[in-house]
Structures are given as C-alpha cells and as structure tokens.
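In what follows, a single structure is set out as structure tokens and then discussed.
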Amino acid sequence: DPQKALGPQINYTITGIDAGAGVMGNTATALEKYGLAQNNWQLQTSSTAAMTSVLDKAIKAKQPIVITGWVPHWMFTKYDLKFLKDPKKVYGAKEGIHTIARTGLKQEKPGLYQFLQNFNWTPDQLAQIMLQINNGVEPTTAAKAYLKKHPEQVKAWLKNVPAGNNQTVTLAYVAWDSEIASANVVAQALKTKGYRVTLRPMDAQPMWTAIATGAADASFSAWLPTTHQAYARSFQGRYDDVRVNLEGAQTGLAVPTYMTKVDSIEDLKT
Ligand code: PBE
C-alpha cells in the first residue's frame, strides 16, 4: 500500500551487505544522524549476493525495499534504482577508488610501483568486466578478454614498467564485484610482463591490515575519502596512497525508482 508509511512495510529494515564494508559503517552513522535509529530503523548485515537477491525479489514483486547501494556496480545497470538524497553528506561528495601500497614498495619493487602509478580506468570500462563476471564468466577469462580488447590501454598501463623476471607480487582485494574485476585485470596485465602474481581475497579490515603490515604489496580496493575513512584514519601513515584508479564512485542508500514518494534519507522518517 503506497499510502502507508514505509517503515512498517519493510520492518524498518535497510538491507545491507558484509559488516566490514565502509557503506555499512556509514549507514550506521546515517541512522543516527537522521534520527532513524531512534525511530526503530535498523541495518541488516548480509552479503552483496544476499542483498542483490533480496533486491531482485522485491523488484519482481514491486515491493518497497531500501538497500545499501553503490556505483560502479551492475545493480544500477540491471535495475532502475536511485540514490536517496543525503543532505547531511554522511556518504560524502566525491568518491574514488584508490590504489594503495605498502610503504617501502616504491624502493623495493620500482617496476611494480610504476605499474601502480599508471593503472587507471573508467566506470564504463570496469562495468564491461563486471557484467561478464555477473553473467557467469570466470574472472580470469573476463580479464584476459578485456586485455585483448583494449591493447592501447594495456600499453599505457605497462609504460616504463620493466620485465618482472618472475618477481612475486601479492595483491589483496575484497570480493566486491568491482574489486574482483580490478584485481583480475591487473593480475593478467602484470603476468604478461613476467610478474608472478598472487591474488588474496579478504575482508576489508584484513585488506587494510595486510597493506599496513606489508603482508601484501598493494590493493585496488580502497574507497576514499569517505567510504573507507575509518580504515584510512586507523592506518594513517602506514600505507602509501598511490593514486585514484577510478573516479566517479558513489555509495549511499538506494531504492527502486517506483518508490516515488521516497527521495531523501529524511523521507524514511515520515
Ligand atoms: N562497497 C563496494 C565497498 C567498497 C566497494 C561500496 C560495498 C564498501 O562499502 O566498503
């Protein structure tokens, strides 16, 4: 019933993802700042796969749902979704995906470091791989196909990168769709230059820890300045913020566009 208040219809529940995700921490903050926590609203922890499956069911039934959303992600390609306005800027304004490295990498593995300085792409390019993986293509296969299709870009990524001569490279990533895509495309690009790449999937907190302790060389999974601000703060000075590898990222609360009465996080209260 669209006339009825939204909260009771969805048990005052926002469907979230893995607990370590920055968007989860920021949503907890949003619930406080917008006075929603005091109003029975809660955030449900699950996983991206569980969240998108609940979203799929809700959309097929044209039911209301509020999720933790972000771009780049195929959910915004596959479904008509909108971000709720965030007048208090809890989710920040400009967000990018950063390449971070362990401190000292620049001196110890200058060739790899050169690659890290070169690597960047756009949300559209990332989406090409992400959609394929979502359609069931193996990440390695999708990454190889991407390299084949974009030889000029790969050349730019490998510019001034010396042969790896079997040098080992450990890359930490979090199994979010965008990061599965970037980690795999980077691994394949480095392999063509003779680097021996190990990909290590882990949660967000261990990923930041791995970079700070030097257990991993680099990661392409840092969303800054807002999404991972808590991690960036607690590991301050213990990682090298190499560059932005993708601009135009965004996180927030999202709903299907057929929820025409809800446009702002503030509307959840009424
Ligand atoms: N995400 C996708 C992550 C970063 C990548 C938005 C779910 C997060 O919230 O930490």
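Ordered as shown in the structure tokens, chains take letters A, B, and onward, while each chain numbers its residues from 1 and ligands are numbered from 1 in the order shown.
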
Quick one: which chain A residues come within 7 Å of ligand 1, and what is the nearest atom pair for each with the distance in Å to one decimal, counting only C-alpha atoms and all ligand atoms, rows ordered by chain and ascending number, as CSV?
```
residue,atom,partner,partner_atom_place_in_ligand_line,distance
A:Gly20,CA,ligand 1,10 (O),6.8
A:Ala21,CA,ligand 1,10 (O),3.5
A:Gly22,CA,ligand 1,10 (O),3.6
A:Val23,CA,ligand 1,9 (O),3.7
A:Met24,CA,ligand 1,9 (O),6.3
A:Trp70,CA,ligand 1,6 (C),5.3
A:Trp176,CA,ligand 1,2 (C),5.6
A:Ser178,CA,ligand 1,5 (C),6.8
A:Ala204,CA,ligand 1,10 (O),6.9
A:Ser221,CA,ligand 1,4 (C),6.8
A:Trp223,CA,ligand 1,4 (C),5.7
A:Thr227,CA,ligand 1,10 (O),5.8
A:His228,CA,ligand 1,10 (O),6.1
A:Thr251,CA,ligand 1,6 (C),5.7
```

Could you write out the selected residues, including N, CA and C atoms, as a short mmCIF file (atom, residue, chain, number, x, y, z; two decimals), in the first residue's frame?
```
data_model
loop_
_atom_site.label_atom_id
_atom_site.label_comp_id
_atom_site.auth_asym_id
_atom_site.auth_seq_id
_atom_site.Cartn_x
_atom_site.Cartn_y
_atom_site.Cartn_z
N GLY A 20 32.15 -5.50 7.18
CA GLY A 20 33.37 -4.70 7.05
C GLY A 20 33.29 -3.61 6.00
N ALA A 21 32.25 -3.62 5.18
CA ALA A 21 32.13 -2.62 4.12
C ALA A 21 31.97 -1.23 4.71
N GLY A 22 32.61 -0.25 4.10
CA GLY A 22 32.51 1.12 4.58
C GLY A 22 31.09 1.64 4.53
N VAL A 23 30.35 1.21 3.51
CA VAL A 23 28.97 1.70 3.37
C VAL A 23 28.12 1.23 4.55
N MET A 24 28.51 0.15 5.21
CA MET A 24 27.77 -0.32 6.39
C MET A 24 28.03 0.61 7.57
N TRP A 70 25.75 1.22 -4.30
CA TRP A 70 26.97 1.92 -4.74
C TRP A 70 27.17 1.76 -6.23
N TRP A 176 34.27 -7.62 -3.49
CA TRP A 176 33.17 -6.84 -4.06
C TRP A 176 33.35 -6.93 -5.57
N SER A 178 33.37 -4.95 -8.11
CA SER A 178 34.29 -4.05 -8.80
C SER A 178 35.74 -4.42 -8.52
N ALA A 204 37.49 -6.37 4.33
CA ALA A 204 38.06 -5.03 4.23
C ALA A 204 39.10 -4.73 5.32
N SER A 221 41.41 -1.75 -3.79
CA SER A 221 40.08 -1.82 -3.15
C SER A 221 39.81 -0.71 -2.14
N TRP A 223 38.28 2.65 -1.08
CA TRP A 223 37.29 3.67 -1.49
C TRP A 223 37.45 4.88 -0.58
N THR A 227 34.11 6.46 2.09
CA THR A 227 33.65 5.10 2.38
C THR A 227 34.58 4.37 3.35
N HIS A 228 35.88 4.48 3.12
CA HIS A 228 36.84 3.81 3.99
C HIS A 228 37.56 4.77 4.93
N THR A 251 28.52 5.94 -2.96
CA THR A 251 27.80 4.98 -2.10
C THR A 251 26.63 5.71 -1.46
#
```

Inset, instruction - Name the residues of stretch 60-181 of chain A that come out as helix (DSSP H, G or I) in a backbone DSSP run; write them as a PyMOL selection string. - result: chain A and resi 60+75-78+105-108+110-118+123-134+139-149+151-157+177-181

Inset, instruction - For each of A:Ala254, A:Pro225, A:Tyr91, A:Val154, take the minimum atom-to-atom distance to A:Met51, counting only C-alpha atoms, then give the residue where this is smallest. - result: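 Of A:Ala254, A:Pro225, A:Tyr91, A:Val154, the one nearest A:Met51 is A:Ala254, counting only C-alpha atoms.
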
Inset, instruction - Can you pull out every residue within 12 Å of A:Gln236, counting only C-alpha atoms, but drop anything in the same chain fewer than 2 positions away, and send it as a list in words? - result: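 With the cut-off at 12 Å, the set is Ile100, Arg102, Thr103, Trp208, Thr209, Ile211, Ala212, His228, Gln229, Ala230, Tyr231, Ala232, Arg233, Ser234, Arg238, Tyr239, Asp240 and Asp241 of chain A.
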
Please produce a file of those selected residues containing C-alpha atoms, as an mmCIF file, in the first residue's frame.
```
data_model
loop_
_atom_site.group_PDB
_atom_site.id
_atom_site.type_symbol
_atom_site.label_atom_id
_atom_site.label_comp_id
_atom_site.auth_asym_id
_atom_site.auth_seq_id
_atom_site.Cartn_x
_atom_site.Cartn_y
_atom_site.Cartn_z
ATOM 1 C CA ILE A 100 47.181 1.748 -2.043
ATOM 2 C CA ARG A 102 52.660 -0.923 1.468
ATOM 3 C CA THR A 103 55.170 1.730 2.476
ATOM 4 C CA TRP A 208 43.922 -2.622 5.098
ATOM 5 C CA THR A 209 45.907 -4.527 7.717
ATOM 6 C CA ILE A 211 48.907 -3.316 3.368
ATOM 7 C CA ALA A 212 49.833 -1.650 6.681
ATOM 8 C CA HIS A 228 36.843 3.807 3.994
ATOM 9 C CA GLN A 229 37.576 6.862 6.114
ATOM 10 C CA ALA A 230 37.540 4.827 9.331
ATOM 11 C CA TYR A 231 40.196 2.462 7.929
ATOM 12 C CA ALA A 232 42.232 5.312 6.448
ATOM 13 C CA ARG A 233 42.231 7.006 9.839
ATOM 14 C CA SER A 234 43.238 3.974 11.843
ATOM 15 C CA ARG A 238 51.122 3.106 7.440
ATOM 16 C CA TYR A 239 50.138 2.913 3.776
ATOM 17 C CA ASP A 240 51.035 4.663 0.538
ATOM 18 C CA ASP A 241 48.045 6.269 -1.191
#
```

Inset, instruction - Would you mind listing what lies within 12 Å of stretch 31-37 of chain A as a ChimeraX atom specification, with only C-alpha atoms counted and same-chain residues fewer than 5 positions away left out? - result: /A:7,12-14,24-26,42-43,85-91,252-253,264-270

Could you dump the residues just selected with N, CA and C atoms as a PDB file, in the first residue's frame?
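Writing the result to again_16.pdb gives the following:
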```
ATOM      1  N   GLY A   7       8.190   2.607   6.750  1.00  0.00           N
ATOM      2  CA  GLY A   7       8.833   1.843   7.813  1.00  0.00           C
ATOM      3  C   GLY A   7       8.157   0.518   8.149  1.00  0.00           C
ATOM      4  N   TYR A  12      11.133  -1.556   9.118  1.00  0.00           N
ATOM      5  CA  TYR A  12      12.147  -0.556   9.457  1.00  0.00           C
ATOM      6  C   TYR A  12      13.563  -1.088   9.193  1.00  0.00           C
ATOM      7  N   THR A  13      13.679  -1.862   8.129  1.00  0.00           N
ATOM      8  CA  THR A  13      14.951  -2.533   7.882  1.00  0.00           C
ATOM      9  C   THR A  13      15.593  -2.096   6.576  1.00  0.00           C
ATOM     10  N   ILE A  14      16.869  -1.742   6.661  1.00  0.00           N
ATOM     11  CA  ILE A  14      17.674  -1.472   5.482  1.00  0.00           C
ATOM     12  C   ILE A  14      18.469  -2.737   5.200  1.00  0.00           C
ATOM     13  N   MET A  24      28.509   0.153   5.205  1.00  0.00           N
ATOM     14  CA  MET A  24      27.773  -0.319   6.387  1.00  0.00           C
ATOM     15  C   MET A  24      28.027   0.607   7.572  1.00  0.00           C
ATOM     16  N   GLY A  25      29.293   0.932   7.812  1.00  0.00           N
ATOM     17  CA  GLY A  25      29.626   1.854   8.905  1.00  0.00           C
ATOM     18  C   GLY A  25      28.951   3.202   8.702  1.00  0.00           C
ATOM     19  N   ASN A  26      29.005   3.685   7.456  1.00  0.00           N
ATOM     20  CA  ASN A  26      28.399   4.989   7.188  1.00  0.00           C
ATOM     21  C   ASN A  26      26.882   4.940   7.305  1.00  0.00           C
ATOM     22  N   GLN A  42      16.743  -0.170  11.476  1.00  0.00           N
ATOM     23  CA  GLN A  42      17.944  -0.967  11.692  1.00  0.00           C
ATOM     24  C   GLN A  42      18.562  -1.367  10.363  1.00  0.00           C
ATOM     25  N   LEU A  43      19.818  -1.742  10.455  1.00  0.00           N
ATOM     26  CA  LEU A  43      20.577  -2.139   9.267  1.00  0.00           C
ATOM     27  C   LEU A  43      20.859  -3.624   9.359  1.00  0.00           C
ATOM     28  N   LYS A  85      18.679  11.108  -1.552  1.00  0.00           N
ATOM     29  CA  LYS A  85      19.445  12.328  -1.267  1.00  0.00           C
ATOM     30  C   LYS A  85      19.959  12.272   0.168  1.00  0.00           C
ATOM     31  N   ASP A  86      21.125  12.838   0.337  1.00  0.00           N
ATOM     32  CA  ASP A  86      21.838  12.756   1.613  1.00  0.00           C
ATOM     33  C   ASP A  86      22.261  14.166   2.020  1.00  0.00           C
ATOM     34  N   PRO A  87      21.279  14.999   2.447  1.00  0.00           N
ATOM     35  CA  PRO A  87      21.609  16.406   2.735  1.00  0.00           C
ATOM     36  C   PRO A  87      22.674  16.567   3.818  1.00  0.00           C
ATOM     37  N   LYS A  88      22.819  15.594   4.692  1.00  0.00           N
ATOM     38  CA  LYS A  88      23.836  15.717   5.745  1.00  0.00           C
ATOM     39  C   LYS A  88      25.208  15.214   5.276  1.00  0.00           C
ATOM     40  N   LYS A  89      25.285  14.774   4.026  1.00  0.00           N
ATOM     41  CA  LYS A  89      26.561  14.348   3.417  1.00  0.00           C
ATOM     42  C   LYS A  89      27.293  13.269   4.226  1.00  0.00           C
ATOM     43  N   VAL A  90      26.535  12.346   4.780  1.00  0.00           N
ATOM     44  CA  VAL A  90      27.142  11.242   5.529  1.00  0.00           C
ATOM     45  C   VAL A  90      27.988  10.370   4.598  1.00  0.00           C
ATOM     46  N   TYR A  91      27.513  10.218   3.345  1.00  0.00           N
ATOM     47  CA  TYR A  91      28.232   9.353   2.399  1.00  0.00           C
ATOM     48  C   TYR A  91      29.241  10.132   1.555  1.00  0.00           C
ATOM     49  N   GLY A 252      25.682   4.965  -0.939  1.00  0.00           N
ATOM     50  CA  GLY A 252      24.556   5.579  -0.257  1.00  0.00           C
ATOM     51  C   GLY A 252      23.421   4.602  -0.061  1.00  0.00           C
ATOM     52  N   LEU A 253      22.281   5.133   0.340  1.00  0.00           N
ATOM     53  CA  LEU A 253      21.087   4.298   0.408  1.00  0.00           C
ATOM     54  C   LEU A 253      20.382   4.407  -0.935  1.00  0.00           C
ATOM     55  N   SER A 264      14.661  11.185  -0.359  1.00  0.00           N
ATOM     56  CA  SER A 264      15.755  11.588   0.515  1.00  0.00           C
ATOM     57  C   SER A 264      15.775  10.648   1.719  1.00  0.00           C
ATOM     58  N   ILE A 265      16.942  10.523   2.341  1.00  0.00           N
ATOM     59  CA  ILE A 265      17.026   9.704   3.553  1.00  0.00           C
ATOM     60  C   ILE A 265      16.044  10.253   4.597  1.00  0.00           C
ATOM     61  N   GLU A 266      15.852  11.558   4.549  1.00  0.00           N
ATOM     62  CA  GLU A 266      14.920  12.181   5.507  1.00  0.00           C
ATOM     63  C   GLU A 266      13.490  11.680   5.331  1.00  0.00           C
ATOM     64  N   ASP A 267      13.130  11.249   4.123  1.00  0.00           N
ATOM     65  CA  ASP A 267      11.768  10.759   3.872  1.00  0.00           C
ATOM     66  C   ASP A 267      11.486   9.435   4.585  1.00  0.00           C
ATOM     67  N   LEU A 268      12.542   8.731   5.007  1.00  0.00           N
ATOM     68  CA  LEU A 268      12.328   7.443   5.671  1.00  0.00           C
ATOM     69  C   LEU A 268      11.649   7.634   7.020  1.00  0.00           C
ATOM     70  N   LYS A 269      11.807   8.833   7.568  1.00  0.00           N
ATOM     71  CA  LYS A 269      11.283   9.100   8.906  1.00  0.00           C
ATOM     72  C   LYS A 269       9.776   9.244   8.924  1.00  0.00           C
ATOM     73  N   THR A 270       9.224   9.681   7.798  1.00  0.00           N
ATOM     74  CA  THR A 270       7.800  10.013   7.797  1.00  0.00           C
ATOM     75  C   THR A 270       6.915   8.813   7.459  1.00  0.00           C
TER      76      THR A 270
END
```

Legend entry - Shortest interatomic distance to A:Leu131 - which of A:Tyr258, A:Tyr113, A:Tyr146, A:Tyr195, counting only C-alpha atoms: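 For A:Leu131, the nearest of the given residues is A:Tyr146.
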
Legend entry - For A:Ala163, the nearest of the candidates A:Asn120, A:Gln250, A:Gln114, A:Gln128, counting only C-alpha atoms: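 Closest to A:Ala163 of all the choices is A:Gln114.
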
Inset, instruction - For A:Ala175, work out the shell of residues within 10 Å, counting only C-alpha atoms and skipping chain neighbours fewer than 6 positions away, then give it as a list in words. - result: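 In the requested form, the answer reads Thr48, Ala181, Ala183, Arg200, Pro201, Met202, Asp203, Ala204 and Ser221 of chain A.
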
Inset, instruction - List the neighbours of stretch 213-219 of chain A out to 12 Å using only C-alpha atoms; skip same-chain residues closer than 3 positions along the sequence, and give me the result as an MDAnalysis selection string. - result: chainID A and resid 97:106 108:110 112:113 115:117 119 167:175 179:180 182:184 186:187 197:202 204 206:210 222:223 235 237:245

Inset, instruction - Calculate how many Å separate atom CA of A:Ala50 from atom CA of A:Lys94, rounding to one decimal. - result: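 Separation of atom CA of A:Ala50 and atom CA of A:Lys94: 27.6 Å.
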
Inset, instruction - Mind listing the strand (DSSP E) residues of stretch 118-246 of chain A, per DSSP on the backbone, as a list in words? - result: Thr168, Val169, Thr170, Leu171, Ala172, Tyr173, Arg196, Val197, Thr198, Leu199, Arg200, Pro201, Ala218, Ser219, Phe220, Ser221, Ala222, Trp223, Leu224, Asp240, Asp241, Val242, Arg243, Val244, Asn245 and Leu246 of chain A

Please produce a file of the residues just selected, as a short mmCIF file (atom, residue, chain, number, x, y, z; two decimals), in the first residue's frame, where the atoms kept are N, CA, C and O atoms.
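Result went into part24.cif, see below:
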```cif
data_model
loop_
_atom_site.label_atom_id
_atom_site.label_comp_id
_atom_site.auth_asym_id
_atom_site.auth_seq_id
_atom_site.Cartn_x
_atom_site.Cartn_y
_atom_site.Cartn_z
N THR A 168 57.78 -11.78 -7.46
CA THR A 168 56.47 -12.09 -6.89
C THR A 168 55.73 -10.80 -6.50
O THR A 168 56.35 -9.83 -6.05
N VAL A 169 54.43 -10.85 -6.70
CA VAL A 169 53.57 -9.71 -6.36
C VAL A 169 52.36 -10.27 -5.62
O VAL A 169 51.72 -11.21 -6.09
N THR A 170 52.07 -9.70 -4.45
CA THR A 170 50.89 -10.13 -3.71
C THR A 170 49.88 -8.99 -3.68
O THR A 170 50.18 -7.90 -3.18
N LEU A 171 48.72 -9.25 -4.24
CA LEU A 171 47.67 -8.23 -4.28
C LEU A 171 46.51 -8.65 -3.39
O LEU A 171 45.99 -9.76 -3.51
N ALA A 172 46.13 -7.76 -2.48
CA ALA A 172 45.00 -8.02 -1.60
C ALA A 172 43.77 -7.35 -2.18
O ALA A 172 43.84 -6.23 -2.68
N TYR A 173 42.66 -8.06 -2.16
CA TYR A 173 41.42 -7.42 -2.63
C TYR A 173 40.24 -7.93 -1.82
O TYR A 173 40.31 -8.96 -1.16
N ARG A 196 54.99 -12.57 -11.18
CA ARG A 196 54.27 -13.73 -10.62
C ARG A 196 53.28 -13.24 -9.58
O ARG A 196 53.67 -12.92 -8.45
N VAL A 197 52.03 -13.19 -9.95
CA VAL A 197 51.03 -12.51 -9.13
C VAL A 197 50.19 -13.51 -8.32
O VAL A 197 49.70 -14.49 -8.85
N THR A 198 50.08 -13.22 -7.03
CA THR A 198 49.15 -13.96 -6.18
C THR A 198 48.04 -13.01 -5.77
O THR A 198 48.31 -11.91 -5.27
N LEU A 199 46.80 -13.45 -5.98
CA LEU A 199 45.64 -12.64 -5.57
C LEU A 199 45.11 -13.19 -4.26
O LEU A 199 44.83 -14.38 -4.14
N ARG A 200 44.95 -12.31 -3.28
CA ARG A 200 44.45 -12.74 -1.97
C ARG A 200 43.13 -12.06 -1.64
O ARG A 200 43.11 -10.88 -1.31
N PRO A 201 42.02 -12.80 -1.72
CA PRO A 201 40.74 -12.22 -1.33
C PRO A 201 40.62 -12.18 0.19
O PRO A 201 41.03 -13.13 0.87
N ALA A 218 50.06 -4.47 -2.57
CA ALA A 218 49.16 -3.40 -2.99
C ALA A 218 47.72 -3.89 -3.03
O ALA A 218 47.45 -5.09 -2.98
N SER A 219 46.81 -2.93 -3.13
CA SER A 219 45.40 -3.24 -3.26
C SER A 219 44.73 -2.15 -4.09
O SER A 219 45.14 -0.99 -4.06
N PHE A 220 43.71 -2.54 -4.82
CA PHE A 220 42.94 -1.59 -5.64
C PHE A 220 41.55 -1.43 -5.07
O PHE A 220 40.63 -1.05 -5.77
N SER A 221 41.41 -1.75 -3.79
CA SER A 221 40.08 -1.82 -3.15
C SER A 221 39.81 -0.71 -2.14
O SER A 221 38.92 -0.85 -1.32
N ALA A 222 40.57 0.39 -2.18
CA ALA A 222 40.36 1.44 -1.18
C ALA A 222 39.42 2.52 -1.70
O ALA A 222 39.73 3.20 -2.68
N TRP A 223 38.28 2.65 -1.08
CA TRP A 223 37.29 3.67 -1.49
C TRP A 223 37.45 4.88 -0.58
O TRP A 223 37.15 4.81 0.62
N LEU A 224 37.88 6.01 -1.17
CA LEU A 224 38.20 7.19 -0.38
C LEU A 224 37.68 8.47 -1.06
O LEU A 224 37.50 8.47 -2.26
N ASP A 240 50.70 3.69 1.57
CA ASP A 240 51.03 4.66 0.54
C ASP A 240 49.81 4.81 -0.37
O ASP A 240 49.40 3.85 -1.03
N ASP A 241 49.21 5.99 -0.35
CA ASP A 241 48.04 6.27 -1.19
C ASP A 241 48.57 6.63 -2.58
O ASP A 241 48.89 7.78 -2.85
N VAL A 242 48.68 5.64 -3.47
CA VAL A 242 49.41 5.82 -4.73
C VAL A 242 48.66 6.73 -5.70
O VAL A 242 49.23 7.68 -6.23
N ARG A 243 47.42 6.42 -5.95
CA ARG A 243 46.64 7.25 -6.89
C ARG A 243 45.17 6.82 -6.89
O ARG A 243 44.82 5.77 -6.37
N VAL A 244 44.35 7.63 -7.54
CA VAL A 244 42.96 7.25 -7.80
C VAL A 244 42.97 6.40 -9.06
O VAL A 244 43.47 6.84 -10.09
N ASN A 245 42.47 5.16 -8.98
CA ASN A 245 42.44 4.35 -10.20
C ASN A 245 41.09 4.41 -10.92
O ASN A 245 40.97 3.99 -12.07
N LEU A 246 40.08 4.93 -10.22
CA LEU A 246 38.77 5.11 -10.85
C LEU A 246 38.05 6.27 -10.19
O LEU A 246 37.94 6.32 -8.97
#
```

Legend entry - Shortest interatomic distance to A:Ser53 - which of A:Pro162, A:Gly92, A:Gly194, A:Gly16, counting only C-alpha atoms: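 Among A:Pro162, A:Gly92, A:Gly194, A:Gly16, it is A:Gly16 that comes nearest to A:Ser53.
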
Legend entry - Among listed residues A:Val262, A:Gln63, A:Ala142, A:Leu158, nearest A:Gln9 (using only C-alpha atoms):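 Among the listed residues, the smallest separation from A:Gln9 belongs to A:Gln63.
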
Legend entry - Given only C-alpha atoms as the counted atoms, nearest of A:Ile10, A:Ala145, A:Ala93, A:Leu84 to A:Thr260: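 Checking each of A:Ile10, A:Ala145, A:Ala93, A:Leu84 against A:Thr260, counting only C-alpha atoms, the winner is A:Leu84.
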
If you count only C-alpha atoms, which residues fall within 9 Å of A:Leu147, apart from same-chain ones fewer than 4 positions away, as a PDB file with all heavy atoms, in the first residue's frame?
```
ATOM      1  N   ALA A 142      37.365 -13.314 -18.110  1.00  0.00           N
ATOM      2  CA  ALA A 142      36.848 -11.975 -18.407  1.00  0.00           C
ATOM      3  C   ALA A 142      37.994 -10.959 -18.455  1.00  0.00           C
ATOM      4  O   ALA A 142      38.014 -10.074 -19.321  1.00  0.00           O
ATOM      5  CB  ALA A 142      35.818 -11.567 -17.357  1.00  0.00           C
ATOM      6  N   ALA A 143      38.955 -11.107 -17.549  1.00  0.00           N
ATOM      7  CA  ALA A 143      40.088 -10.185 -17.513  1.00  0.00           C
ATOM      8  C   ALA A 143      40.952 -10.339 -18.775  1.00  0.00           C
ATOM      9  O   ALA A 143      41.362  -9.350 -19.391  1.00  0.00           O
ATOM     10  CB  ALA A 143      40.934 -10.428 -16.260  1.00  0.00           C
ATOM     11  N   PRO A 151      44.114  -3.131 -26.213  1.00  0.00           N
ATOM     12  CA  PRO A 151      45.582  -3.188 -26.261  1.00  0.00           C
ATOM     13  C   PRO A 151      46.263  -1.837 -25.992  1.00  0.00           C
ATOM     14  O   PRO A 151      47.304  -1.789 -25.338  1.00  0.00           O
ATOM     15  CB  PRO A 151      45.885  -3.688 -27.681  1.00  0.00           C
ATOM     16  CG  PRO A 151      44.647  -3.424 -28.461  1.00  0.00           C
ATOM     17  CD  PRO A 151      43.509  -3.522 -27.495  1.00  0.00           C
ATOM     18  N   GLN A 153      45.190   0.642 -24.104  1.00  0.00           N
ATOM     19  CA  GLN A 153      45.113   0.949 -22.680  1.00  0.00           C
ATOM     20  C   GLN A 153      46.126   0.109 -21.897  1.00  0.00           C
ATOM     21  O   GLN A 153      46.801   0.615 -21.002  1.00  0.00           O
ATOM     22  CB  GLN A 153      43.692   0.680 -22.182  1.00  0.00           C
ATOM     23  CG  GLN A 153      43.475   1.122 -20.745  1.00  0.00           C
ATOM     24  CD  GLN A 153      42.045   0.912 -20.292  1.00  0.00           C
ATOM     25  OE1 GLN A 153      41.378  -0.041 -20.689  1.00  0.00           O
ATOM     26  NE2 GLN A 153      41.557   1.830 -19.471  1.00  0.00           N
ATOM     27  N   VAL A 154      46.229  -1.160 -22.243  1.00  0.00           N
ATOM     28  CA  VAL A 154      47.179  -2.030 -21.558  1.00  0.00           C
ATOM     29  C   VAL A 154      48.610  -1.523 -21.776  1.00  0.00           C
ATOM     30  O   VAL A 154      49.438  -1.536 -20.865  1.00  0.00           O
ATOM     31  CB  VAL A 154      47.024  -3.491 -22.041  1.00  0.00           C
ATOM     32  CG1 VAL A 154      48.064  -4.393 -21.394  1.00  0.00           C
ATOM     33  CG2 VAL A 154      45.621  -4.006 -21.731  1.00  0.00           C
ATOM     34  N   VAL A 185      42.076  -8.040 -13.609  1.00  0.00           N
ATOM     35  CA  VAL A 185      42.625  -7.403 -14.803  1.00  0.00           C
ATOM     36  C   VAL A 185      44.081  -6.987 -14.558  1.00  0.00           C
ATOM     37  O   VAL A 185      44.948  -7.136 -15.431  1.00  0.00           O
ATOM     38  CB  VAL A 185      41.716  -6.235 -15.285  1.00  0.00           C
ATOM     39  CG1 VAL A 185      42.065  -4.935 -14.648  1.00  0.00           C
ATOM     40  CG2 VAL A 185      41.766  -6.117 -16.780  1.00  0.00           C
ATOM     41  N   GLN A 188      46.359 -10.126 -14.647  1.00  0.00           N
ATOM     42  CA  GLN A 188      46.629 -10.589 -16.015  1.00  0.00           C
ATOM     43  C   GLN A 188      47.597  -9.647 -16.733  1.00  0.00           C
ATOM     44  O   GLN A 188      48.493 -10.097 -17.451  1.00  0.00           O
ATOM     45  CB  GLN A 188      45.327 -10.723 -16.810  1.00  0.00           C
ATOM     46  CG  GLN A 188      44.423 -11.857 -16.343  1.00  0.00           C
ATOM     47  CD  GLN A 188      45.148 -13.196 -16.255  1.00  0.00           C
ATOM     48  OE1 GLN A 188      45.983 -13.542 -17.102  1.00  0.00           O
ATOM     49  NE2 GLN A 188      44.859 -13.962 -15.219  1.00  0.00           N
ATOM     50  N   ALA A 189      47.435  -8.345 -16.534  1.00  0.00           N
ATOM     51  CA  ALA A 189      48.330  -7.377 -17.184  1.00  0.00           C
ATOM     52  C   ALA A 189      49.764  -7.563 -16.691  1.00  0.00           C
ATOM     53  O   ALA A 189      50.713  -7.562 -17.481  1.00  0.00           O
ATOM     54  CB  ALA A 189      47.849  -5.953 -16.924  1.00  0.00           C
TER      55      ALA A 189
END
```

Inset, instruction - Measure the distance from atom CA of A:Gly136 to atom CA of A:Thr192 in Å and round it to one decimal. - result: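 Spanning atom CA of A:Gly136 to atom CA of A:Thr192 is a straight-line distance of 24.3 Å.
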
Inset, instruction - Tell me, in Å to one decimal, how far atom CA of A:Ala19 is from atom CA of A:Thr45. - result: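 Atom-to-atom, atom CA of A:Ala19 to atom CA of A:Thr45, that is 6.0 Å.
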